[in-house]
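Below is target31.cif, which holds mmCIF, C-alpha atoms and all ligand atoms.
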```
data_work
#
loop_
_atom_site.label_atom_id
_atom_site.label_comp_id
_atom_site.auth_asym_id
_atom_site.auth_seq_id
_atom_site.Cartn_x
_atom_site.Cartn_y
_atom_site.Cartn_z
CA MET A 1 99.48 124.83 16.34
CA LYS A 2 95.88 124.79 17.58
CA VAL A 3 93.39 123.10 15.26
CA LEU A 4 89.60 123.01 15.37
CA LEU A 5 88.11 120.15 13.35
CA ILE A 6 84.38 120.38 12.59
CA GLY A 7 82.18 117.30 12.25
CA SER A 8 81.27 114.04 13.96
CA GLY A 9 81.51 111.17 11.48
CA GLY A 10 83.97 108.48 10.48
CA ARG A 11 85.54 111.01 8.14
CA GLU A 12 86.30 113.33 11.03
CA HIS A 13 87.76 110.54 13.19
CA ALA A 14 90.04 109.63 10.27
CA LEU A 15 91.07 113.29 9.83
CA ALA A 16 91.64 113.67 13.58
CA TRP A 17 93.75 110.48 13.59
CA LYS A 18 95.93 111.77 10.76
CA ILE A 19 96.17 115.37 12.03
CA SER A 20 97.13 114.17 15.51
CA GLN A 21 100.21 112.45 14.02
CA SER A 22 101.61 115.82 12.94
CA PRO A 23 104.55 117.17 14.96
CA ARG A 24 103.15 120.65 14.27
CA LEU A 25 99.98 120.02 16.30
CA SER A 26 99.78 121.37 19.83
CA GLU A 27 96.05 121.12 20.56
CA LEU A 28 93.18 119.49 18.69
CA TYR A 29 89.53 120.34 19.28
CA ILE A 30 86.71 118.49 17.54
CA ALA A 31 83.22 119.98 17.33
CA PRO A 32 81.15 118.06 18.14
CA GLY A 33 83.26 114.91 17.55
CA ASN A 34 82.36 111.36 18.56
CA GLY A 35 83.46 108.59 20.92
CA GLY A 36 86.59 107.98 18.85
CA THR A 37 87.76 111.57 18.42
CA GLN A 38 87.56 111.98 22.19
CA ASP A 39 90.71 109.84 22.45
CA LEU A 40 92.65 112.15 20.12
CA GLY A 41 91.68 115.62 21.30
CA GLN A 42 89.03 117.55 23.11
CA ASN A 43 85.43 117.21 21.94
CA VAL A 44 83.54 120.51 22.05
CA SER A 45 79.74 120.27 22.15
CA ILE A 46 78.92 122.69 19.33
CA PRO A 47 76.96 121.18 16.42
CA SER A 48 78.54 121.66 13.01
CA SER A 49 75.54 123.70 11.80
CA GLN A 50 76.06 126.44 14.45
CA ILE A 51 78.63 128.43 12.55
CA GLU A 52 78.42 131.60 14.65
CA ASP A 53 79.20 129.60 17.79
CA LEU A 54 82.02 127.76 16.04
CA VAL A 55 83.60 131.01 14.85
CA LYS A 56 83.24 132.47 18.36
CA PHE A 57 84.95 129.40 19.83
CA ALA A 58 87.76 129.63 17.26
CA CYS A 59 88.34 133.29 18.16
CA GLU A 60 88.25 132.71 21.92
CA GLN A 61 90.64 129.76 21.76
CA LYS A 62 92.96 131.51 19.28
CA ILE A 63 92.66 128.62 16.84
CA ASP A 64 95.28 128.68 14.06
CA LEU A 65 93.49 126.46 11.58
CA VAL A 66 89.88 125.32 11.23
CA VAL A 67 89.35 122.11 9.24
CA VAL A 68 85.77 121.68 8.04
CA GLY A 69 84.60 118.06 7.58
CA PRO A 70 80.98 118.34 6.34
CA GLU A 71 79.53 120.56 3.60
CA LEU A 72 76.84 122.42 5.53
CA PRO A 73 79.06 124.89 7.42
CA LEU A 74 80.93 125.65 4.17
CA VAL A 75 77.70 126.29 2.29
CA GLN A 76 76.61 128.51 5.21
CA GLY A 77 79.79 130.56 4.77
CA ILE A 78 81.99 129.58 7.72
CA ALA A 79 85.21 130.12 5.73
CA ASP A 80 84.20 133.72 4.95
CA GLN A 81 83.37 134.42 8.60
CA LEU A 82 86.67 132.93 9.78
CA ALA A 83 88.54 134.99 7.18
CA ASN A 84 86.95 138.14 8.64
CA HIS A 85 88.62 137.22 11.93
CA GLY A 86 91.95 136.33 10.30
CA ILE A 87 91.59 132.60 11.01
CA ALA A 88 92.75 130.12 8.35
CA CYS A 89 90.16 127.63 7.13
CA PHE A 90 90.67 124.41 5.21
CA GLY A 91 87.52 124.50 3.11
CA PRO A 92 86.22 126.84 0.39
CA ASN A 93 84.35 130.10 0.79
CA GLN A 94 80.58 130.35 0.41
CA PHE A 95 80.71 131.25 -3.29
CA ALA A 96 82.87 128.24 -4.20
CA ALA A 97 80.93 125.94 -1.84
CA GLN A 98 77.91 126.41 -4.12
CA LEU A 99 79.55 123.72 -6.25
CA GLU A 100 78.01 121.34 -3.72
CA GLY A 101 75.28 123.59 -2.28
CA SER A 102 73.56 124.19 -5.62
CA LYS A 103 73.46 121.51 -8.28
CA SER A 104 72.38 124.02 -10.94
CA PHE A 105 75.38 126.24 -10.07
CA ALA A 106 77.69 123.22 -10.50
CA LYS A 107 76.06 122.19 -13.78
CA GLU A 108 76.26 125.72 -15.23
CA ILE A 109 79.98 125.89 -14.42
CA MET A 110 80.55 122.46 -15.97
CA LEU A 111 78.78 123.65 -19.08
CA LYS A 112 80.82 126.88 -19.22
CA THR A 113 84.16 125.13 -18.70
CA GLY A 114 83.53 122.07 -20.88
CA VAL A 115 83.59 119.45 -18.11
CA PRO A 116 81.80 116.30 -19.33
CA THR A 117 78.52 115.75 -17.48
CA ALA A 118 74.97 114.50 -18.12
CA ALA A 119 72.77 116.74 -20.32
CA PHE A 120 70.41 118.73 -18.07
CA LYS A 121 67.77 121.40 -17.66
CA VAL A 122 66.95 123.54 -14.61
CA PHE A 123 63.40 124.38 -13.49
CA ASP A 124 61.94 126.54 -10.75
CA HIS A 125 58.27 126.15 -11.74
CA LEU A 126 56.42 122.86 -11.28
CA ASP A 127 54.26 123.31 -14.40
CA ALA A 128 57.23 123.85 -16.67
CA ALA A 129 59.05 120.87 -15.14
CA LEU A 130 55.99 118.64 -15.65
CA ARG A 131 55.59 119.77 -19.26
CA TYR A 132 59.26 119.02 -19.88
CA VAL A 133 59.25 115.49 -18.41
CA GLN A 134 56.10 114.64 -20.36
CA GLU A 135 58.11 114.93 -23.58
CA GLN A 136 61.20 113.01 -22.41
CA ASN A 137 62.32 109.42 -22.67
CA PHE A 138 62.92 107.57 -19.41
CA PRO A 139 64.79 106.89 -17.17
CA LEU A 140 65.52 110.44 -16.05
CA VAL A 141 67.27 111.79 -12.97
CA ILE A 142 65.59 114.48 -10.87
CA LYS A 143 67.72 116.35 -8.33
CA ALA A 144 66.79 118.89 -5.67
CA ASP A 145 69.02 121.89 -6.35
CA GLY A 146 70.09 122.44 -2.72
CA LEU A 147 71.45 120.27 0.09
CA ALA A 148 69.14 117.39 0.98
CA ALA A 149 71.34 115.21 3.21
CA GLY A 150 72.17 112.89 0.31
CA LYS A 151 68.49 112.12 -0.35
CA GLY A 152 67.76 114.68 -3.06
CA VAL A 153 68.44 112.48 -6.11
CA SER A 154 65.75 110.26 -7.68
CA ILE A 155 66.00 108.08 -10.77
CA VAL A 156 62.52 107.91 -12.32
CA HIS A 157 61.31 105.38 -14.87
CA ASP A 158 58.01 106.82 -16.09
CA PHE A 159 55.98 110.01 -16.11
CA GLU A 160 53.91 109.10 -13.03
CA GLN A 161 57.06 108.58 -10.94
CA ALA A 162 58.56 111.80 -12.25
CA LYS A 163 55.36 113.70 -11.43
CA ARG A 164 55.31 112.32 -7.89
CA VAL A 165 58.93 113.30 -7.25
CA LEU A 166 58.47 116.78 -8.73
CA ILE A 167 55.35 117.41 -6.63
CA GLN A 168 57.14 116.24 -3.46
CA LEU A 169 60.09 118.52 -4.16
CA MET A 170 58.45 121.61 -5.60
CA GLU A 171 54.94 121.67 -4.09
CA GLU A 172 55.11 119.69 -0.84
CA LYS A 173 58.70 120.91 -0.34
CA ILE A 174 59.87 117.81 1.53
CA PHE A 175 63.40 119.27 1.54
CA GLY A 176 62.25 122.84 2.13
CA PRO A 177 63.78 125.50 -0.11
CA ALA A 178 66.41 122.98 -1.35
CA GLY A 179 63.80 121.48 -3.70
CA GLU A 180 62.15 124.66 -4.98
CA LYS A 181 64.53 124.48 -7.89
CA VAL A 182 65.32 121.16 -9.61
CA VAL A 183 67.83 119.83 -12.09
CA ILE A 184 66.45 117.23 -14.47
CA GLU A 185 69.12 115.27 -16.27
CA GLU A 186 69.89 112.36 -18.50
CA ALA A 187 70.45 109.07 -16.64
CA LEU A 188 73.99 107.80 -17.14
CA THR A 189 75.14 104.21 -16.76
CA GLY A 190 78.53 102.89 -15.73
CA GLU A 191 80.74 102.35 -12.71
CA GLU A 192 81.33 105.17 -10.22
CA ALA A 193 84.55 106.36 -8.60
CA SER A 194 85.56 109.28 -6.39
CA PHE A 195 88.31 111.71 -7.41
CA LEU A 196 89.55 113.99 -4.62
CA ALA A 197 92.01 116.82 -5.03
CA PHE A 198 93.74 119.17 -2.60
CA CYS A 199 93.28 122.63 -4.10
CA ALA A 200 94.77 126.05 -3.41
CA GLY A 201 93.80 128.56 -6.06
CA ASN A 202 95.18 127.14 -9.28
CA GLU A 203 97.45 124.62 -7.55
CA VAL A 204 96.30 121.02 -7.19
CA LYS A 205 97.54 117.74 -5.81
CA TYR A 206 95.49 114.63 -6.45
CA LEU A 207 94.74 111.96 -3.89
CA PRO A 208 94.55 108.44 -5.33
CA SER A 209 91.17 107.20 -6.56
CA SER A 210 88.62 105.61 -4.27
CA GLN A 211 85.23 103.99 -4.51
CA ASP A 212 82.21 104.25 -2.25
CA HIS A 213 79.35 101.73 -1.83
CA LYS A 214 76.22 103.85 -1.54
CA ARG A 215 73.45 101.26 -1.34
CA ILE A 216 72.53 99.54 1.91
CA GLY A 217 72.56 95.99 0.53
CA ASN A 218 75.04 93.62 -1.09
CA ASN A 219 75.37 93.90 -4.89
CA ASP A 220 74.33 97.56 -4.68
CA THR A 221 70.70 96.86 -3.78
CA GLY A 222 68.22 98.71 -1.56
CA PRO A 223 68.06 102.39 -0.64
CA ASN A 224 70.93 104.87 -0.83
CA THR A 225 72.94 105.55 2.33
CA GLY A 226 75.77 107.89 3.28
CA GLY A 227 78.09 105.07 2.18
CA MET A 228 78.59 101.52 3.48
CA GLY A 229 82.26 101.03 2.70
CA ALA A 230 85.08 102.25 0.49
CA TYR A 231 88.48 101.34 -0.82
CA SER A 232 91.43 103.02 -2.48
CA PRO A 233 92.68 102.76 -5.17
CA ALA A 234 89.67 101.97 -7.34
CA PRO A 235 90.85 99.61 -10.11
CA ILE A 236 88.59 101.49 -12.55
CA LEU A 237 90.72 104.62 -12.06
CA PRO A 238 94.39 103.60 -11.87
CA ASP A 239 97.14 106.01 -10.80
CA ASP A 240 98.46 106.50 -14.33
CA GLN A 241 95.14 108.02 -15.42
CA MET A 242 94.82 110.49 -12.55
CA GLU A 243 96.57 113.42 -14.26
CA ALA A 244 94.45 113.16 -17.39
CA ILE A 245 91.19 112.91 -15.45
CA GLY A 246 92.24 115.76 -13.17
CA ASP A 247 92.89 117.92 -16.23
CA LEU A 248 89.37 117.08 -17.37
CA VAL A 249 87.31 117.47 -14.19
CA ILE A 250 89.28 119.46 -11.58
CA LYS A 251 91.54 122.01 -13.28
CA PRO A 252 88.86 123.74 -15.42
CA ILE A 253 86.72 124.31 -12.33
CA ILE A 254 89.41 125.77 -10.07
CA THR A 255 90.78 127.90 -12.89
CA TYR A 256 87.29 129.30 -13.47
CA LEU A 257 86.75 129.99 -9.77
CA GLU A 258 90.08 131.72 -9.45
CA LYS A 259 89.23 133.96 -12.41
CA GLN A 260 85.95 134.81 -10.66
CA GLY A 261 87.95 136.00 -7.65
CA HIS A 262 87.10 132.94 -5.54
CA PRO A 263 90.20 130.74 -5.39
CA PHE A 264 89.23 127.30 -4.08
CA THR A 265 90.89 126.22 -0.82
CA GLY A 266 90.35 122.69 0.42
CA ILE A 267 89.20 119.42 -1.12
CA LEU A 268 87.36 119.36 -4.42
CA TYR A 269 85.75 115.97 -4.90
CA ALA A 270 84.40 114.92 -8.28
CA GLY A 271 81.91 112.04 -8.23
CA LEU A 272 82.59 110.34 -11.56
CA MET A 273 80.73 107.84 -13.67
CA PHE A 274 82.71 105.88 -16.25
CA THR A 275 80.21 105.73 -19.08
CA PRO A 276 80.71 104.07 -22.48
CA GLN A 277 81.43 107.63 -23.74
CA GLY A 278 84.14 108.20 -21.12
CA PRO A 279 84.17 109.65 -17.61
CA LYS A 280 81.46 112.17 -16.70
CA VAL A 281 80.95 114.18 -13.52
CA LEU A 282 77.81 113.28 -11.54
CA GLU A 283 78.39 115.86 -8.86
CA TYR A 284 80.98 117.93 -7.03
CA ASN A 285 81.52 117.91 -3.30
CA VAL A 286 83.63 120.53 -1.54
CA ARG A 287 85.00 118.27 1.22
CA PHE A 288 86.33 114.78 1.80
CA GLY A 289 83.96 111.89 1.07
CA ASP A 290 82.70 109.79 3.93
CA PRO A 291 83.63 106.86 3.93
CA GLU A 292 86.25 107.46 1.16
CA CYS A 293 88.31 109.60 3.55
CA GLN A 294 88.93 106.62 5.86
CA PRO A 295 90.95 104.45 3.41
CA LEU A 296 92.58 107.59 1.95
CA MET A 297 93.90 108.72 5.35
CA VAL A 298 95.28 105.26 6.02
CA ARG A 299 97.18 105.42 2.70
CA LEU A 300 98.39 109.02 3.05
CA ASP A 301 102.08 108.98 3.95
CA SER A 302 102.63 112.74 4.39
CA ASP A 303 101.86 115.20 7.16
CA LEU A 304 98.17 116.06 6.58
CA LEU A 305 98.33 119.17 8.73
CA GLU A 306 101.24 120.50 6.71
CA ILE A 307 99.35 119.91 3.44
CA MET A 308 96.20 121.60 4.76
CA LEU A 309 98.19 124.59 6.00
CA ALA A 310 99.97 124.86 2.66
CA CYS A 311 96.56 124.97 0.96
CA THR A 312 95.40 127.85 3.13
CA GLN A 313 98.65 129.72 2.40
CA GLY A 314 98.55 129.13 -1.36
CA LYS A 315 101.75 127.08 -1.10
CA LEU A 316 100.52 123.66 -2.06
CA ALA A 317 103.27 123.28 -4.67
CA ASN A 318 105.88 123.35 -1.87
CA VAL A 319 104.66 120.21 -0.10
CA GLU A 320 104.94 116.60 -1.09
CA LEU A 321 101.91 114.34 -1.12
CA LYS A 322 103.15 110.80 -0.57
CA VAL A 323 100.80 107.84 -0.65
CA LYS A 324 101.43 104.26 0.41
CA PRO A 325 101.31 101.87 -2.55
CA GLU A 326 99.11 99.39 -0.69
CA THR A 327 95.31 99.17 -0.92
CA ALA A 328 93.11 100.30 1.97
CA LEU A 329 89.55 99.14 2.54
CA SER A 330 86.95 100.26 5.05
CA VAL A 331 83.79 98.38 6.05
CA VAL A 332 81.00 100.39 7.70
CA LEU A 333 79.26 98.72 10.64
CA ALA A 334 75.77 100.18 10.93
CA ALA A 335 72.75 99.81 13.18
CA LYS A 336 70.11 97.56 11.59
CA GLY A 337 67.34 99.72 10.15
CA TYR A 338 69.66 102.44 8.83
CA PRO A 339 69.11 104.49 6.59
CA GLN A 340 65.56 104.54 8.03
CA ASN A 341 64.83 104.11 11.74
CA TYR A 342 67.36 102.30 13.89
CA PRO A 343 67.97 101.68 17.59
CA LYS A 344 70.60 103.64 19.54
CA GLY A 345 72.48 103.24 22.79
CA MET A 346 73.87 99.75 22.18
CA LEU A 347 77.10 98.78 23.95
CA ILE A 348 79.97 98.14 21.52
CA GLN A 349 82.08 95.14 22.44
CA GLY A 350 85.28 93.51 21.25
CA LEU A 351 87.17 96.59 20.02
CA GLU A 352 90.15 95.54 22.14
CA ASN A 353 90.43 92.30 20.11
CA VAL A 354 90.93 94.09 16.78
CA PRO A 355 94.52 93.56 15.52
CA GLU A 356 96.75 96.61 15.91
CA ASP A 357 97.26 97.14 12.21
CA VAL A 358 93.50 97.46 11.61
CA ILE A 359 92.08 100.86 12.47
CA VAL A 360 88.52 101.31 13.64
CA PHE A 361 87.27 104.82 12.93
CA HIS A 362 84.20 105.77 14.93
CA ALA A 363 81.15 107.52 13.48
CA GLY A 364 77.91 107.35 15.53
CA THR A 365 79.44 106.53 18.93
CA ARG A 366 79.84 108.11 22.32
CA GLN A 367 82.14 107.24 25.17
CA GLU A 368 81.08 106.83 28.79
CA ASN A 369 83.34 105.51 31.55
CA GLY A 370 85.73 104.09 29.00
CA LYS A 371 82.97 102.18 27.20
CA TYR A 372 81.58 102.99 23.74
CA TYR A 373 77.86 103.12 22.86
CA THR A 374 76.13 103.61 19.51
CA THR A 375 74.48 106.97 18.80
CA GLY A 376 73.96 106.86 15.04
CA GLY A 377 73.09 104.79 11.97
CA ARG A 378 76.64 104.40 10.72
CA VAL A 379 78.60 103.37 13.81
CA LEU A 380 82.14 102.19 12.98
CA ASN A 381 84.49 102.01 9.99
CA VAL A 382 86.81 99.01 10.15
CA THR A 383 89.77 99.95 7.98
CA ALA A 384 92.67 97.75 6.86
CA LEU A 385 95.70 98.08 4.62
CA GLY A 386 96.76 95.14 2.42
CA GLN A 387 99.18 94.38 -0.39
CA ASP A 388 96.20 94.30 -2.74
CA LEU A 389 92.42 94.57 -2.61
CA PRO A 390 91.73 90.90 -1.71
CA GLU A 391 94.19 91.12 1.20
CA ALA A 392 92.79 94.43 2.47
CA LYS A 393 89.28 92.99 2.27
CA ALA A 394 90.24 89.79 4.12
CA LYS A 395 91.99 91.74 6.90
CA ALA A 396 89.10 94.16 7.39
CA TYR A 397 86.43 91.44 7.50
CA GLN A 398 88.56 89.29 9.84
CA ALA A 399 88.63 92.25 12.23
CA VAL A 400 84.87 92.83 11.83
CA LYS A 401 84.37 89.37 13.37
CA GLN A 402 85.87 90.63 16.63
CA ILE A 403 83.32 93.42 17.04
CA TYR A 404 79.80 93.08 18.34
CA PHE A 405 76.86 95.26 19.15
CA GLU A 406 73.19 94.38 19.16
CA ASN A 407 71.54 94.87 15.74
CA MET A 408 74.89 95.25 13.98
CA TYR A 409 74.57 95.27 10.19
CA PHE A 410 77.20 95.47 7.44
CA ARG A 411 77.62 94.65 3.77
CA THR A 412 79.71 91.55 3.12
CA ASP A 413 80.78 92.49 -0.41
CA ILE A 414 82.85 95.67 0.04
CA GLY A 415 85.68 95.40 -2.48
CA ASP A 416 84.12 92.70 -4.67
CA LYS A 417 83.45 95.00 -7.61
CA GLY A 418 87.10 96.06 -7.67
CA ILE A 419 88.34 92.48 -7.27
CA LYS A 420 86.20 91.47 -10.25
CA LYS A 421 87.61 94.33 -12.30
CA MET A 422 91.19 93.26 -11.40
CA SER A 423 90.62 89.76 -12.75
CA ALA A 424 88.71 90.89 -15.86
P1 LIG B 501 74.50 112.79 -5.76
O1 LIG B 501 73.65 113.10 -4.57
O2 LIG B 501 74.49 113.85 -6.81
O3 LIG B 501 75.82 112.25 -5.32
O4 LIG B 501 73.86 111.54 -6.48
C1 LIG B 501 73.71 110.36 -5.74
C2 LIG B 501 73.84 109.18 -6.64
O5 LIG B 501 72.82 109.24 -7.65
C3 LIG B 501 75.14 109.11 -7.45
O6 LIG B 501 76.20 108.58 -6.72
C4 LIG B 501 74.71 108.22 -8.56
O7 LIG B 501 74.72 106.86 -8.15
C5 LIG B 501 73.29 108.64 -8.83
N1 LIG B 501 73.23 109.62 -9.93
C6 LIG B 501 73.36 110.97 -9.86
N2 LIG B 501 73.27 111.52 -11.08
C7 LIG B 501 73.06 110.53 -11.95
C8 LIG B 501 72.86 110.44 -13.38
N3 LIG B 501 72.85 111.53 -14.15
N4 LIG B 501 72.68 109.22 -13.92
C9 LIG B 501 72.68 108.11 -13.16
N5 LIG B 501 72.85 108.12 -11.82
C10 LIG B 501 73.03 109.29 -11.22
N1 LIG B 502 80.65 109.09 0.10
C1 LIG B 502 79.89 110.06 -0.59
C2 LIG B 502 79.95 111.41 -0.01
O1 LIG B 502 80.67 111.65 0.92
O2 LIG B 502 79.27 112.27 -0.52
#
```
The structure in this file should be written as structure tokens.
Amino acid sequence: MKVLLIGSGGREHALAWKISQSPRLSELYIAPGNGGTQDLGQNVSIPSSQIEDLVKFACEQKIDLVVVGPELPLVQGIADQLANHGIACFGPNQFAAQLEGSKSFAKEIMLKTGVPTAAFKVFDHLDAALRYVQEQNFPLVIKADGLAAGKGVSIVHDFEQAKRVLIQLMEEKIFGPAGEKVVIEEALTGEEASFLAFCAGNEVKYLPSSQDHKRIGNNDTGPNTGGMGAYSPAPILPDDQMEAIGDLVIKPIITYLEKQGHPFTGILYAGLMFTPQGPKVLEYNVRFGDPECQPLMVRLDSDLLEIMLACTQGKLANVELKVKPETALSVVLAAKGYPQNYPKGMLIQGLENVPEDVIVFHAGTRQENGKYYTTGGRVLNVTALGQDLPEAKAKAYQAVKQIYFENMYFRTDIGDKGIKKMSA
């Protein structure tokens, strides 16, 4: 079977690693891929935003299955275009992808289907939004409706801050059309966890829970990033609660979409906050989380390609989703300066000294003459499996010590929140 995997991050290296273990795979292409995926298949230099070129490539190469890593091509409608050519796609169609592509769309569906979420209002006129925030208590959360590369959410503490954010989004349009509409919602407090489900129409299979670390600094300080580390399971969401939470946050959504004539194919990811009033959905994503995917792939003990295919054929119930009982933890090694400006082109050293049972997934890297160089802010994901969270953490950080590149930066507390919860 010929597979085209779209994307270039740590998530895609982890997916490529898992897909390439499948006996059903004959050829794997990754567009555009990174220095790590190059060792598992053939990198194709088409950016993931160029969906016409990707579809053309898939047709020319007679690809059997396209696996979409990031959200943008899905929101642009790549699944619909592939369907027109009879090519299977792991990832939802453009209508269903609005769950991630439009926050107001997601909130309206949550409201209709009774999924618990923060109270909200939607605005597409600056004046009305300003009048509304003037009458509210703070803090409040202001979100650009459309995709804003993970930077579209602001927590504001007074009217002046709220006004500044609204003007930037709606008047200065710092995210273009993505901010012309905004969602203003109640600020929730609590611990976050990620809930990912394989979906095929009204069939679901849940992956175990995971937890991301979004802030750049230890103890969740500093600006938001794409994610600085993750582990699975998250002690806040143990396996025996997965069914109940899935019934609450996943099933109503896919049932609704199916009734609308848009059965969801792929991964539906609910970003949850465990508030004093119970779990609430912060957002939906229509793809694997990055870096959550890295520990999840290390724990997955079934043929990923078979599961993905079953999803595209509406036969998810026929496959088994087995997961290793151990804990997996992934530490992101970044270039100092990320998520703002950072240097590129640094030589990565010491990868050969990493123990065999620790897996280093590449993100912003390229390969030249057998050597790896940095090309991005998030560079590597050092991922280890342990009997429990403390062991997984110790193994991953021991391996981190073997790796070096100039201006390397990483958080030293990945896993600590979960370890604390375990001993509470
Ligand atoms: P999102 O881009 O929707 O994933 O939001 C990014 C981050 O903003 C989330 O992971 C939360 O940490 C935070 N966030 C989003 N919505 C809320 C909310 N209603 N209350 C508190 N924090 C929020
Ligand atoms: N790790 C958060 C995300 O992928 O959106």
| From A:Lys251, A:Val286, A:His213, A:Leu347, residue lying nearest Leu329 in chain A [all atoms listed in the file] |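 Selected residue with least distance to Leu329 in chain A: A:His213.
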| request: Please provide as a ChimeraX atom specification all residues within 9 Å of range 321-326 of chain A, with the sequence filter that same-chain residues fewer than 6 positions apart are discarded (counting only C-alpha atoms). | output: /A:205-208,232-233,296,298-304,307,385-389,392
| field | Residues within 10 Å of ligand LIG 502 (chain B), counting all atoms listed in the file, as a ChimeraX atom specification | value | /A:11,70-71,100,149-150,193-194,210-214,225-230,269-271,283-293
Using the file's own x, y and z axes, what box holds all listed atoms of ligand LIG 501 (chain B) with 8 Å on each side, keeping edges along x, y and z, and what are its centre and edge lengths in Å to one decimal, as JSON?
```
{"center_x": 74.4, "center_y": 110.4, "center_z": -9.4, "size_x": 19.5, "size_y": 23.0, "size_z": 25.6}
```
| message | For a quick check of understanding, using all atoms listed in the file, which of A:Gln294, A:Asn341, A:Gln61, A:Thr113 has the smallest distance to Thr327 in chain A? | response | A:Gln294
| task | Just the residues within 9 Å of Ser26 in chain A, please, counting all atoms listed in the file, with nothing from its chain fewer than 5 positions along; format it as a VMD selection string. | result | chain A and resid 1 to 3 20
| Which protein, DNA or RNA residues have an atom within 10 Å of ligand LIG 501 (chain B), counting all atoms listed in the file, as a PyMOL selection string? | chain A and resi 100+103+117-120+139-145+147-155+183-194+212-215+220+224-227+270-273+275+280-285
Counting all atoms listed in the file, which residues of range 52-152 of chain A sit at most 10 Å from some atom of range 257-263 of chain A, and what is each one's closest atom pair with its distance in Å to one decimal, listed by chain and rising residue number, as JSON lines?
```
{"residue": "A:Pro92", "atom": "CA", "partner": "A:Pro263", "partner_atom": "CA", "distance": 8.0}
{"residue": "A:Asn93", "atom": "CA", "partner": "A:His262", "partner_atom": "CA", "distance": 7.5}
{"residue": "A:Gln94", "atom": "CA", "partner": "A:His262", "partner_atom": "CA", "distance": 9.2}
{"residue": "A:Phe95", "atom": "CA", "partner": "A:His262", "partner_atom": "CA", "distance": 7.0}
{"residue": "A:Ala96", "atom": "CA", "partner": "A:His262", "partner_atom": "CA", "distance": 6.5}
{"residue": "A:Ile109", "atom": "CA", "partner": "A:Leu257", "partner_atom": "CA", "distance": 9.2}
```
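Between CA of Lys417 in chain A and CA of Phe195 in chain A the separation is 17.4 Å.
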